[in-house]
file run35.txt (compact mmCIF, C-alpha atoms)
# COMPACT_ATOMS: atom_id res chain seq x y z
CA MET A 13 86.32 158.57 48.75
CA ARG A 14 84.67 155.20 48.99
CA PRO A 15 83.17 153.72 45.82
CA THR A 16 79.46 154.33 45.23
CA PRO A 17 77.66 151.03 45.86
CA ASP A 18 75.68 149.53 43.02
CA PRO A 19 71.86 149.30 43.36
CA PHE A 20 71.97 145.64 44.38
CA THR A 21 74.45 146.33 47.18
CA GLU A 22 72.22 149.23 48.29
CA ALA A 23 69.26 146.84 48.43
CA LEU A 24 71.29 144.39 50.54
CA LEU A 25 72.31 147.27 52.78
CA ALA A 26 68.64 148.15 53.28
CA ARG A 27 67.92 144.58 54.52
CA ALA A 28 71.02 144.62 56.71
CA ASP A 29 69.91 147.93 58.24
CA ASP A 30 66.37 146.58 58.74
CA ALA A 31 67.81 143.61 60.61
CA LEU A 32 70.25 145.60 62.75
CA VAL A 33 67.74 148.30 63.70
CA LEU A 34 64.94 145.83 64.47
CA GLY A 35 67.44 143.67 66.38
CA HIS A 36 68.53 146.66 68.45
CA ARG A 37 64.96 147.71 69.19
CA LEU A 38 64.11 144.16 70.31
CA SER A 39 67.25 144.03 72.46
CA GLU A 40 65.99 147.11 74.33
CA TRP A 41 63.41 144.78 75.93
CA CYS A 42 66.11 142.62 77.52
CA GLY A 43 65.42 142.65 81.25
CA HIS A 44 62.12 144.55 80.79
CA ALA A 45 59.75 142.11 79.05
CA PRO A 46 56.40 141.21 80.68
CA THR A 47 57.56 137.69 81.67
CA PRO A 48 60.95 135.93 81.87
CA GLU A 49 59.90 133.62 79.02
CA GLU A 50 59.09 136.59 76.80
CA ASP A 51 62.34 138.26 77.82
CA LEU A 52 64.15 135.18 76.48
CA ALA A 53 62.03 135.19 73.33
CA LEU A 54 62.66 138.85 72.47
CA ALA A 55 66.39 138.51 73.19
CA ASN A 56 66.52 135.42 70.93
CA LEU A 57 64.71 137.31 68.16
CA ALA A 58 67.12 140.23 68.59
CA LEU A 59 70.08 137.86 68.31
CA ASP A 60 68.70 136.33 65.12
CA GLN A 61 68.26 139.77 63.58
CA ILE A 62 71.73 140.96 64.53
CA GLY A 63 73.23 137.74 63.16
CA LEU A 64 71.36 138.29 59.92
CA ALA A 65 72.61 141.88 59.82
CA ARG A 66 76.19 140.69 60.23
CA ALA A 67 75.92 138.22 57.37
CA LEU A 68 74.45 140.91 55.11
CA TYR A 69 76.96 143.59 56.18
CA ALA A 70 79.77 141.18 55.33
CA GLU A 71 78.36 140.95 51.79
CA VAL A 72 77.81 144.69 51.53
CA GLY A 73 81.32 145.28 52.84
CA ALA A 74 82.79 142.94 50.24
CA GLY A 75 81.07 145.04 47.58
CA SER A 76 82.01 148.43 48.98
CA GLY A 77 85.25 148.01 50.96
CA ARG A 78 83.74 148.62 54.39
CA THR A 79 83.84 146.46 57.52
CA GLU A 80 80.80 145.28 59.49
CA ASP A 81 81.67 147.66 62.33
CA GLU A 82 82.10 150.63 60.00
CA LEU A 83 78.69 149.94 58.52
CA ALA A 84 76.93 149.40 61.85
CA TYR A 85 78.64 151.97 64.07
CA PHE A 86 80.22 154.69 61.96
CA ARG A 87 77.42 155.84 59.69
CA THR A 88 74.99 158.63 60.56
CA ASP A 89 71.24 158.38 60.24
CA ARG A 90 71.13 159.74 56.69
CA ASP A 91 73.31 156.82 55.54
CA PHE A 92 70.97 154.15 56.95
CA ARG A 93 68.53 152.56 54.49
CA ASN A 94 66.21 150.71 56.92
CA CYS A 95 62.48 151.15 56.55
CA LEU A 96 60.76 153.49 59.00
CA LEU A 97 58.68 150.66 60.49
CA VAL A 98 61.58 148.89 62.22
CA GLU A 99 62.99 152.06 63.80
CA GLN A 100 59.74 152.99 65.55
CA PRO A 101 60.20 153.04 69.34
CA ASN A 102 59.11 149.97 71.29
CA GLY A 103 56.18 151.69 73.00
CA ASP A 104 54.12 149.23 75.03
CA PHE A 105 54.29 145.48 74.47
CA ALA A 106 51.38 145.62 71.98
CA HIS A 107 53.24 148.24 69.96
CA THR A 108 56.34 146.06 69.79
CA ILE A 109 54.32 143.00 68.81
CA VAL A 110 52.40 144.84 66.08
CA ARG A 111 55.66 146.24 64.67
CA GLN A 112 57.19 142.77 64.79
CA PHE A 113 54.16 141.22 63.11
CA LEU A 114 53.84 143.80 60.31
CA TYR A 115 57.55 143.57 59.49
CA THR A 116 57.92 139.79 59.80
CA ALA A 117 54.82 139.15 57.67
CA TYR A 118 56.85 140.90 54.96
CA ALA A 119 60.30 139.48 55.81
CA ASP A 120 59.19 135.84 55.83
CA PRO A 121 58.00 135.71 52.19
CA PHE A 122 60.85 138.05 51.20
CA TRP A 123 63.51 135.62 52.42
CA ARG A 124 61.69 132.60 51.06
CA ALA A 125 61.59 134.23 47.62
CA ALA A 126 65.23 135.32 47.93
CA VAL A 127 66.29 131.67 48.32
CA GLY A 128 65.87 131.54 44.53
CA SER A 129 68.02 134.63 43.91
CA ALA A 130 70.59 134.46 41.12
CA ASP A 131 73.08 135.95 43.60
CA PRO A 132 74.61 132.94 45.41
CA ALA A 133 75.58 134.89 48.55
CA LEU A 134 72.07 136.32 48.95
CA ALA A 135 70.54 132.90 48.26
CA ALA A 136 72.70 131.30 50.98
CA ILE A 137 71.81 133.97 53.55
CA ALA A 138 68.14 133.73 52.56
CA ALA A 139 68.05 129.95 52.98
CA LYS A 140 68.96 130.39 56.64
CA ALA A 141 66.93 133.57 57.19
CA GLU A 142 63.72 132.04 55.88
CA LEU A 143 63.92 129.22 58.43
CA GLU A 144 64.31 131.79 61.19
CA SER A 145 61.71 134.28 59.90
CA ALA A 146 59.13 131.47 59.92
CA TYR A 147 59.26 131.12 63.69
CA HIS A 148 59.53 134.89 64.12
CA LEU A 149 56.23 135.22 62.25
CA ARG A 150 54.65 132.46 64.33
CA HIS A 151 55.74 134.16 67.56
CA ALA A 152 54.38 137.57 66.50
CA SER A 153 51.14 136.13 65.10
CA GLU A 154 50.39 134.16 68.27
CA TRP A 155 50.97 137.20 70.43
CA LEU A 156 48.89 139.48 68.22
CA ILE A 157 45.99 137.01 68.43
CA ARG A 158 46.35 136.76 72.22
CA LEU A 159 46.35 140.54 72.58
CA GLY A 160 43.63 141.31 70.06
CA ASP A 161 41.36 138.50 71.21
CA GLY A 162 42.28 139.03 74.86
CA THR A 163 40.95 141.64 77.27
CA ALA A 164 39.32 144.94 76.34
CA GLU A 165 42.54 146.65 77.40
CA SER A 166 44.86 144.45 75.34
CA HIS A 167 42.52 144.70 72.35
CA ALA A 168 42.43 148.49 72.53
CA ARG A 169 46.21 148.72 72.81
CA ALA A 170 46.78 146.34 69.90
CA GLN A 171 44.32 148.25 67.71
CA ALA A 172 45.92 151.58 68.65
CA ALA A 173 49.37 150.23 67.75
CA LEU A 174 48.06 148.87 64.46
CA ASP A 175 46.49 152.21 63.57
CA ALA A 176 49.67 154.08 64.52
CA LEU A 177 52.11 151.86 62.59
CA TRP A 178 50.01 151.18 59.51
CA PRO A 179 51.21 154.27 57.55
CA CYS A 180 54.77 152.87 57.76
CA THR A 181 53.90 149.63 55.93
CA ALA A 182 53.61 150.92 52.35
CA GLU A 183 57.33 151.62 52.31
CA LEU A 184 58.05 147.88 52.47
CA PHE A 185 56.77 147.49 48.93
CA GLU A 186 58.44 150.41 47.20
CA PRO A 187 59.92 149.49 43.81
CA GLU A 188 63.53 148.36 43.85
CA PRO A 189 66.07 147.29 41.23
CA LYS A 190 64.54 143.95 40.34
CA ALA A 191 67.51 141.89 39.26
CA ARG A 192 68.39 139.22 41.85
CA LEU A 193 65.75 140.54 44.30
CA PRO A 194 62.23 139.26 45.00
CA ASP A 195 59.49 141.12 43.13
CA PRO A 196 57.61 143.36 45.61
CA VAL A 197 54.21 142.87 43.92
CA PRO A 198 53.64 139.20 44.92
CA LEU A 199 55.29 139.99 48.26
CA ARG A 200 52.63 142.59 48.92
CA ALA A 201 49.90 140.07 48.11
CA ALA A 202 51.43 137.49 50.47
CA TRP A 203 51.84 140.10 53.20
CA SER A 204 48.29 141.32 52.81
CA ALA A 205 46.86 137.79 53.00
CA THR A 206 48.83 137.05 56.19
CA VAL A 207 47.72 140.33 57.73
CA ASP A 208 44.06 139.63 56.95
CA ARG A 209 44.14 136.10 58.35
CA VAL A 210 45.85 137.02 61.60
CA LEU A 211 43.85 140.21 62.17
CA ALA A 212 40.62 138.22 61.69
CA ARG A 213 41.64 135.73 64.39
CA ALA A 214 42.78 138.62 66.57
CA THR A 215 39.40 140.41 66.11
CA LEU A 216 41.31 143.52 65.04
CA ALA A 217 40.25 145.90 62.26
CA ARG A 218 42.56 146.37 59.29
CA PRO A 219 43.23 150.12 58.99
CA ALA A 220 42.33 151.80 55.71
CA ASP A 221 45.21 152.48 53.34
CA GLY A 222 45.69 156.20 53.14
CA TRP A 223 48.58 158.58 53.54
CA ALA A 224 51.83 156.62 53.72
CA GLN A 225 54.96 157.66 55.60
CA THR A 226 58.08 156.78 53.59
CA GLY A 227 61.66 157.93 53.32
CA GLY A 228 63.72 155.43 55.33
CA ARG A 229 65.02 153.67 52.23
CA ARG A 230 66.35 157.07 51.07
CA GLY A 231 67.93 157.94 54.42
CA ARG A 232 65.16 160.19 55.75
CA HIS A 233 64.40 158.89 59.22
CA THR A 234 62.31 159.78 62.25
CA GLU A 235 63.59 161.74 65.24
CA ALA A 236 63.59 158.67 67.48
CA PHE A 237 66.02 156.91 65.15
CA GLY A 238 68.79 159.43 65.78
CA LYS A 239 68.48 158.86 69.51
CA MET A 240 68.56 155.11 69.03
CA LEU A 241 71.70 155.34 66.89
CA ALA A 242 73.39 157.61 69.42
CA GLU A 243 72.94 154.98 72.10
CA MET A 244 73.73 152.01 69.86
CA GLN A 245 76.92 153.58 68.47
CA SER A 246 78.26 155.31 71.57
CA LEU A 247 80.57 152.53 72.73
CA ALA A 248 82.15 151.93 69.32
CA ARG A 249 82.58 155.68 68.75
CA ALA A 250 84.18 156.14 72.17
CA HIS A 251 86.72 153.42 71.37
CA PRO A 252 87.23 153.48 67.60
CA GLY A 253 89.16 150.50 66.33
CA ALA A 254 88.77 148.54 69.56
CA VAL A 255 88.56 144.78 69.17
CA TRP A 256 87.61 141.99 71.55
CA MET B 15 100.64 110.49 53.64
CA SER B 16 98.33 113.38 52.82
CA ASP B 17 95.28 111.20 53.43
CA ASP B 18 96.68 110.39 56.86
CA ARG B 19 97.28 114.10 57.55
CA ARG B 20 93.73 114.90 56.51
CA ALA B 21 92.33 112.08 58.66
CA ARG B 22 94.29 113.27 61.69
CA ALA B 23 93.10 116.84 61.07
CA TRP B 24 89.49 115.67 60.81
CA ALA B 25 89.80 113.70 64.06
CA ALA B 26 91.28 116.68 65.88
CA ALA B 27 88.66 119.12 64.57
CA ALA B 28 85.83 116.65 65.15
CA ALA B 29 86.69 116.47 68.85
CA VAL B 30 86.14 120.21 69.38
CA VAL B 31 83.09 120.81 71.55
CA ASP B 32 80.44 123.49 71.16
CA PRO B 33 81.12 125.97 74.00
CA GLU B 34 77.37 126.49 74.46
CA LEU B 35 76.65 122.78 74.44
CA PRO B 36 79.82 121.19 75.80
CA ALA B 37 78.37 117.69 75.87
CA LEU B 38 78.51 117.62 72.08
CA THR B 39 81.26 118.03 69.54
CA ILE B 40 80.92 120.08 66.36
CA ALA B 41 80.94 116.77 64.45
CA ASP B 42 78.02 115.48 66.56
CA LEU B 43 76.12 118.67 65.71
CA GLY B 44 76.81 118.51 61.99
CA MET B 45 78.62 121.85 62.11
CA LEU B 46 81.94 120.39 60.86
CA ARG B 47 81.41 120.20 57.10
CA ASP B 48 84.79 119.42 55.55
CA VAL B 49 88.53 119.18 56.04
CA THR B 50 90.68 119.59 52.95
CA LEU B 51 94.34 120.10 52.14
CA ALA B 52 95.37 123.11 50.09
CA GLY B 53 99.09 122.64 49.74
CA ASP B 54 100.49 122.85 53.26
CA THR B 55 97.39 124.52 54.62
CA ILE B 56 94.59 122.54 56.24
CA GLU B 57 91.24 124.13 55.46
CA VAL B 58 88.50 123.34 57.97
CA THR B 59 84.98 124.24 56.85
CA ILE B 60 82.31 124.86 59.48
CA THR B 61 78.73 126.09 59.32
CA PRO B 62 76.63 127.86 61.97
CA SER B 63 73.49 126.21 63.29
CA TYR B 64 71.52 129.47 63.40
CA THR B 65 72.79 132.51 61.47
CA ALA B 66 73.62 134.33 64.69
CA CYS B 67 75.32 131.38 66.43
CA PRO B 68 77.65 133.31 68.78
CA ALA B 69 79.94 130.32 69.27
CA MET B 70 81.47 130.40 65.79
CA VAL B 71 84.49 132.54 66.66
CA VAL B 72 85.37 130.43 69.69
CA ILE B 73 84.87 127.23 67.69
CA GLY B 74 87.34 128.55 65.10
CA TRP B 75 89.92 129.26 67.82
CA GLU B 76 89.37 125.83 69.36
CA ILE B 77 89.90 124.12 66.00
CA GLU B 78 93.17 126.02 65.49
CA ALA B 79 94.30 125.03 68.99
CA ALA B 80 93.24 121.39 68.54
CA LEU B 81 95.18 121.05 65.30
CA ALA B 82 98.20 122.77 66.84
CA ARG B 83 98.13 120.27 69.72
CA ALA B 84 98.05 117.47 67.14
CA GLY B 85 101.13 118.97 65.50
CA LEU B 86 99.14 119.95 62.42
CA GLY B 87 99.00 123.22 60.59
CA PRO B 88 98.87 125.83 59.26
CA VAL B 89 95.07 125.99 59.47
CA ARG B 90 92.52 128.12 57.68
CA ILE B 91 88.94 128.24 59.02
CA SER B 92 86.26 128.70 56.41
CA THR B 93 82.64 129.42 57.37
CA VAL B 94 79.88 128.56 54.91
CA LEU B 95 76.12 129.20 55.10
CA ALA B 96 74.99 126.87 52.30
CA PRO B 97 73.52 124.35 52.47
CA PRO B 98 71.67 125.63 55.55
CA TRP B 99 72.23 123.65 58.72
CA THR B 100 69.37 121.48 59.92
CA SER B 101 68.86 119.59 63.15
CA ALA B 102 68.52 116.48 60.96
CA TRP B 103 72.34 116.60 60.70
CA LEU B 104 72.75 115.63 64.36
CA SER B 105 74.57 112.31 64.49
CA PRO B 106 73.09 109.33 66.38
CA GLU B 107 75.94 109.81 68.89
CA GLY B 108 74.98 113.47 69.22
CA ARG B 109 71.36 112.58 69.91
CA ALA B 110 72.41 110.08 72.57
CA LYS B 111 74.73 112.62 74.18
CA LEU B 112 71.94 115.21 74.27
CA ALA B 113 69.61 112.80 76.04
CA ALA B 114 72.38 111.84 78.49
CA ALA B 115 72.89 115.56 79.22
CA GLY B 116 69.19 115.95 80.06
CA ILE B 117 68.30 117.70 76.80
CA ALA B 118 65.51 116.16 74.71
CA PRO B 119 66.77 115.46 71.18
CA PRO B 120 64.86 117.03 68.26
CA PRO B 121 62.23 115.10 66.32
CA THR B 122 63.96 113.24 63.48
CA ALA B 123 61.41 114.43 60.93
CA PRO B 124 60.78 118.05 61.89
CA ALA B 125 57.20 119.02 61.22
CA ASP B 126 56.09 122.59 60.87
CA PRO B 127 53.66 123.30 63.72
CA GLY B 128 50.74 125.60 63.06
CA LEU B 129 49.85 128.54 65.25
CA PHE B 130 49.66 127.62 68.94
CA ALA B 131 50.75 124.04 68.21
CA VAL B 132 53.31 122.97 70.78
CA ALA B 133 55.91 120.25 70.48
CA ALA B 134 55.84 117.95 73.52
CA PRO B 135 59.10 116.01 73.65
CA ALA B 136 59.47 113.09 76.01
CA CYS B 137 61.05 113.95 79.36
CA PRO B 138 64.77 113.12 79.10
CA ARG B 139 64.81 112.10 82.78
CA CYS B 140 61.76 109.90 83.24
CA ALA B 141 60.71 109.38 79.60
CA SER B 142 57.15 110.51 80.31
CA LEU B 143 55.30 111.93 77.32
CA ALA B 144 53.25 114.16 79.63
CA THR B 145 55.28 117.35 79.23
CA GLU B 146 54.46 120.99 78.60
CA ARG B 147 56.38 123.75 76.91
CA ILE B 148 57.36 126.70 79.07
CA SER B 149 58.95 128.74 76.30
CA ALA B 150 59.73 128.27 72.61
CA PHE B 151 62.94 130.18 73.27
CA GLY B 152 65.71 129.03 75.59
CA ALA B 153 69.18 129.93 76.79
CA THR B 154 70.58 129.35 73.30
CA ALA B 155 69.00 129.72 69.87
CA CYS B 156 68.86 125.95 69.40
CA LYS B 157 66.89 125.06 72.56
CA SER B 158 63.41 125.51 74.05
CA LEU B 159 62.23 125.18 77.67
CA HIS B 160 59.86 122.47 78.93
CA ARG B 161 58.52 120.90 82.11
CA CYS B 162 57.67 117.27 82.82
CA LEU B 163 54.21 116.84 84.33
CA ALA B 164 55.11 113.38 85.68
CA CYS B 165 58.43 113.94 87.49
CA ARG B 166 57.92 117.74 87.64
CA GLU B 167 61.48 118.42 86.45
CA PRO B 168 62.10 121.30 84.04
CA PHE B 169 64.21 120.38 81.03
CA GLU B 170 65.53 121.77 77.77
CA ALA B 171 64.81 120.41 74.31
CA PHE B 172 66.88 120.78 71.18
CA LYS B 173 64.62 122.43 68.61
CA ALA B 174 63.80 120.93 65.25
CA HIS B 175 65.18 123.32 62.66
CA GLY B 176 65.08 123.06 58.89
CA ASP B 177 64.42 119.77 57.21
CA GLY B 178 67.51 119.16 55.17
CA SER B 179 65.72 120.13 52.00
CA ILE B 180 64.96 123.72 51.08
CA SER B 181 63.07 122.70 47.99
CA ASN B 182 59.78 122.10 49.76
CA THR B 183 59.69 125.32 51.75
CA ALA B 184 58.18 127.46 48.98
CA SER B 185 54.73 126.10 49.72
CA ARG B 186 55.10 125.99 53.48
CA ASP B 187 52.43 127.88 55.34
CA VAL B 188 53.61 128.88 58.78
CA LEU B 189 50.19 130.12 59.80
CA SER B 190 48.22 126.97 59.04
call {"tool": "encode", "arguments": {"input": "run35.txt", "output": "structure tokens"}}
result
Amino acid sequence: MRPTPDPFTEALLARADDALVLGHRLSEWCGHAPTPEEDLALANLALDQIGLARALYAEVGAGSGRTEDELAYFRTDRDFRNCLLVEQPNGDFAHTIVRQFLYTAYADPFWRAAVGSADPALAAIAAKAELESAYHLRHASEWLIRLGDGTAESHARAQAALDALWPCTAELFEPEPKARLPDPVPLRAAWSATVDRVLARATLARPADGWAQTGGRRGRHTEAFGKMLAEMQSLARAHPGAVW
Amino acid sequence: MSDDRRARAWAAAAAVVDPELPALTIADLGMLRDVTLAGDTIEVTITPSYTACPAMVVIGWEIEAALARAGLGPVRISTVLAPPWTSAWLSPEGRAKLAAAGIAPPPTAPADPGLFAVAAPACPRCASLATERISAFGATACKSLHRCLACREPFEAFKAHGDGSISNTASRDVLS
């Protein structure tokens, strides 16, 4: 029996899982992006996310006696705490960019606020993550504006992706144990302001808040996530204990 | 004697090159943070440039090998994240080596560009300021891709990252 992690460790695990799952989804574009430059960009973003996941898993592992590989490759979907937004399949390029924008508009102020955390390990990770999330947000915002304010086709695809992913955004601001973590209320205000500003420049319509799809933070994931995990974990599970 | 041992250990570690940027040493890059003695053990403290820097493991091995060649050890490698690395930590020698390797050094006072703003570093080959960015992302996390409009050569630039002070980031607006 492994020890039951405390609520703070669970919250760190949720961010680690966000980063790993988003990093893996982005890495699925490697070799398939619309241009070589964008292929490089998405692979770089994936690398940043996976690096962030590793730093966070190391902290989670220190608090719960598990290794990075155990956490990434030997848990099943019900043990993952990532939000539903990041696990959504890549879809077309607009879908990927909208997912990236909606998540990063949350992650950037999250990490900036976490720099002031009373937990020194989280503060150190956040101080690096906030520098990286800033250019992730710039990348996603620029692309969303290009797509939304581009051709009729790119506009329609961006709006369709926005409408499809919007119900997954409320989960980002679910209440969490507050100690040592940024307060979700001002985060939601910062996120909402960023969304409004970029959507206005992109000539896209903000979807109405309505029914919200949640559950990822409690281990209830979408069907596509199981398939993603099966692929992501297959090598490690075929060779348990293997090292470089 | 221990000061001499520490100085020799620093010199050996400082000569280790970044495998992804072999023109520069980890000291040039500001990634070598400290060398201390803990009894017999030499503790070498390094920090990654970007969180995901994939060179960290190899750099650790290279430090162990360099100190072994210098007849020094045992060694313990310690990786720290705080304070966060910034391109402002590049040494003057490091900046000169970058330029000599055909990689534009980062601006010394990194500014936060707004949306669609593009840094236009001088061409490291012909020094022309007429350059354009091809991609904000390059072959490694720390570089971007550019092209000189004067000599027509493509080149890489070392990205400005961080500013050496996290205290002023709370008010930063990346979408300005």
call {"tool": "residues_around", "arguments": {"input": "run35.txt", "residues": "segment 245-249 of chain A", "least_positions_apart": "6", "cutoff": "8 Å", "atoms": "only C-alpha atoms", "output": "list in words"}}
result
Ala84, Tyr85 and Phe86 of chain A
call {"tool": "atom_distance", "arguments": {"input": "run35.txt", "atom1": "atom CA of Phe185 of chain A", "atom2": "atom CA of Gly228 of chain A"}}
result
12.3 Å
call {"tool": "closest_residue", "arguments": {"input": "run35.txt", "among": "A:Lys140, A:Arg90, A:Arg209, A:Arg37", "to": "Ala67 of chain A", "atoms": "all atoms listed in the file"}}
result
A:Lys140
call {"tool": "closest_residue", "arguments": {"input": "run35.txt", "among": "A:His151, A:Arg78, A:Arg111, A:His251", "to": "chain B", "atoms": "only C-alpha atoms"}}
result
A:His151
call {"tool": "closest_atom_pairs", "arguments": {"input": "run35.txt", "of": "chain A", "to": "chain B", "cutoff": "8 Å", "atoms": "only C-alpha atoms", "output": "JSON lines"}}
result
{"residue": "A:Glu49", "atom": "CA", "partner": "B:Ser149", "partner_atom": "CA", "distance": 5.7}
{"residue": "A:Glu50", "atom": "CA", "partner": "B:Ser149", "partner_atom": "CA", "distance": 7.9}
{"residue": "A:Leu52", "atom": "CA", "partner": "B:Phe151", "partner_atom": "CA", "distance": 6.1}
{"residue": "A:Ala53", "atom": "CA", "partner": "B:Phe151", "partner_atom": "CA", "distance": 5.1}
{"residue": "A:Asn56", "atom": "CA", "partner": "B:Ala155", "partner_atom": "CA", "distance": 6.3}
{"residue": "A:Leu59", "atom": "CA", "partner": "B:Ala66", "partner_atom": "CA", "distance": 6.2}
{"residue": "A:Asp60", "atom": "CA", "partner": "B:Ala66", "partner_atom": "CA", "distance": 5.3}
{"residue": "A:Gln61", "atom": "CA", "partner": "B:Ala66", "partner_atom": "CA", "distance": 7.7}
{"residue": "A:Ile62", "atom": "CA", "partner": "B:Ala66", "partner_atom": "CA", "distance": 6.9}
{"residue": "A:Gly63", "atom": "CA", "partner": "B:Ala66", "partner_atom": "CA", "distance": 3.8}
{"residue": "A:Leu64", "atom": "CA", "partner": "B:Thr65", "partner_atom": "CA", "distance": 6.2}
{"residue": "A:Ala67", "atom": "CA", "partner": "B:Thr65", "partner_atom": "CA", "distance": 7.7}
{"residue": "A:Arg124", "atom": "CA", "partner": "B:Ala184", "partner_atom": "CA", "distance": 6.6}
{"residue": "A:Ala125", "atom": "CA", "partner": "B:Ala184", "partner_atom": "CA", "distance": 7.7}
{"residue": "A:Ala136", "atom": "CA", "partner": "B:Ala96", "partner_atom": "CA", "distance": 5.2}
{"residue": "A:Ile137", "atom": "CA", "partner": "B:Leu95", "partner_atom": "CA", "distance": 6.6}
{"residue": "A:Ala139", "atom": "CA", "partner": "B:Pro98", "partner_atom": "CA", "distance": 6.2}
{"residue": "A:Lys140", "atom": "CA", "partner": "B:Pro98", "partner_atom": "CA", "distance": 5.6}
{"residue": "A:Ala141", "atom": "CA", "partner": "B:Thr65", "partner_atom": "CA", "distance": 7.3}
{"residue": "A:Leu143", "atom": "CA", "partner": "B:Gly176", "partner_atom": "CA", "distance": 6.3}
{"residue": "A:Glu144", "atom": "CA", "partner": "B:Tyr64", "partner_atom": "CA", "distance": 7.9}
{"residue": "A:Ala146", "atom": "CA", "partner": "B:Val188", "partner_atom": "CA", "distance": 6.2}
{"residue": "A:Tyr147", "atom": "CA", "partner": "B:Val188", "partner_atom": "CA", "distance": 7.8}
{"residue": "A:Leu149", "atom": "CA", "partner": "B:Val188", "partner_atom": "CA", "distance": 7.7}
{"residue": "A:Arg150", "atom": "CA", "partner": "B:Leu129", "partner_atom": "CA", "distance": 6.3}
{"residue": "A:Ser153", "atom": "CA", "partner": "B:Leu129", "partner_atom": "CA", "distance": 7.7}
{"residue": "A:Glu154", "atom": "CA", "partner": "B:Leu129", "partner_atom": "CA", "distance": 6.4}
{"residue": "A:Thr206", "atom": "CA", "partner": "B:Leu189", "partner_atom": "CA", "distance": 7.9}
call {"tool": "closest_residue", "arguments": {"input": "run35.txt", "among": "A:Pro198, A:Thr88, A:Ala70, A:Arg229", "to": "Glu22 of chain A", "atoms": "all atoms listed in the file"}}
result
A:Arg229
call {"tool": "closest_residue", "arguments": {"input": "run35.txt", "among": "B:Glu76, B:Glu34, B:Asp42, B:Asp18", "to": "Ser101 of chain B", "atoms": "only C-alpha atoms"}}
result
B:Asp42
call {"tool": "residues_around", "arguments": {"input": "run35.txt", "residues": "segment 48-54 of chain B", "least_positions_apart": "3", "cutoff": "12 Å", "atoms": "only C-alpha atoms", "output": "PyMOL selection string"}}
result
chain B and resi 15-28+40-41+44-45+57-61+77+81+86-94
call {"tool": "residues_near_point", "arguments": {"input": "run35.txt", "point": "(68.5, 144.7, 66.5)", "cutoff": "10 Å", "atoms": "all atoms listed in the file", "output": "ChimeraX atom specification"}}
result
/A:29-40,55,57-65,98-99,244
call {"tool": "write_last_selection", "arguments": {"input": "run35.txt", "atoms": "C-alpha atoms", "output": "compact mmCIF listing (two decimals), in the coordinates of the input"}}
result
# COMPACT_ATOMS: atom_id res chain seq x y z
CA ASP A 29 69.91 147.93 58.24
CA ASP A 30 66.37 146.58 58.74
CA ALA A 31 67.81 143.61 60.61
CA LEU A 32 70.25 145.60 62.75
CA VAL A 33 67.74 148.30 63.70
CA LEU A 34 64.94 145.83 64.47
CA GLY A 35 67.44 143.67 66.38
CA HIS A 36 68.53 146.66 68.45
CA ARG A 37 64.96 147.71 69.19
CA LEU A 38 64.11 144.16 70.31
CA SER A 39 67.25 144.03 72.46
CA GLU A 40 65.99 147.11 74.33
CA ALA A 55 66.39 138.51 73.19
CA LEU A 57 64.71 137.31 68.16
CA ALA A 58 67.12 140.23 68.59
CA LEU A 59 70.08 137.86 68.31
CA ASP A 60 68.70 136.33 65.12
CA GLN A 61 68.26 139.77 63.58
CA ILE A 62 71.73 140.96 64.53
CA GLY A 63 73.23 137.74 63.16
CA LEU A 64 71.36 138.29 59.92
CA ALA A 65 72.61 141.88 59.82
CA VAL A 98 61.58 148.89 62.22
CA GLU A 99 62.99 152.06 63.80
CA MET A 244 73.73 152.01 69.86
call {"tool": "atom_distance", "arguments": {"input": "run35.txt", "atom1": "atom CA of His44 of chain A", "atom2": "atom CA of Pro101 of chain A"}}
result
14.4 Å
call {"tool": "atom_distance", "arguments": {"input": "run35.txt", "atom1": "atom CA of Arg147 of chain B", "atom2": "atom CA of Leu35 of chain B"}}
result
20.4 Å
call {"tool": "axis_aligned_box", "arguments": {"input": "run35.txt", "around": "segment 50-62 of chain A", "padding_each_side": "8 Å", "output": "lines of an AutoDock Vina configuration file"}}
result
center_x = 65.4
center_y = 138.1
center_z = 70.7
size_x = 28.6
size_y = 21.8
size_z = 30.2
call {"tool": "residues_around", "arguments": {"input": "run35.txt", "residues": "segment 115-121 of chain B", "least_positions_apart": "5", "cutoff": "9 Å", "atoms": "all atoms listed in the file", "output": "JSON, numbers by chain"}}
result
{"B": [37, 101, 102, 104, 108, 109, 110, 135, 136, 137, 138, 139, 157, 169, 170, 171, 172, 173, 174, 175]}
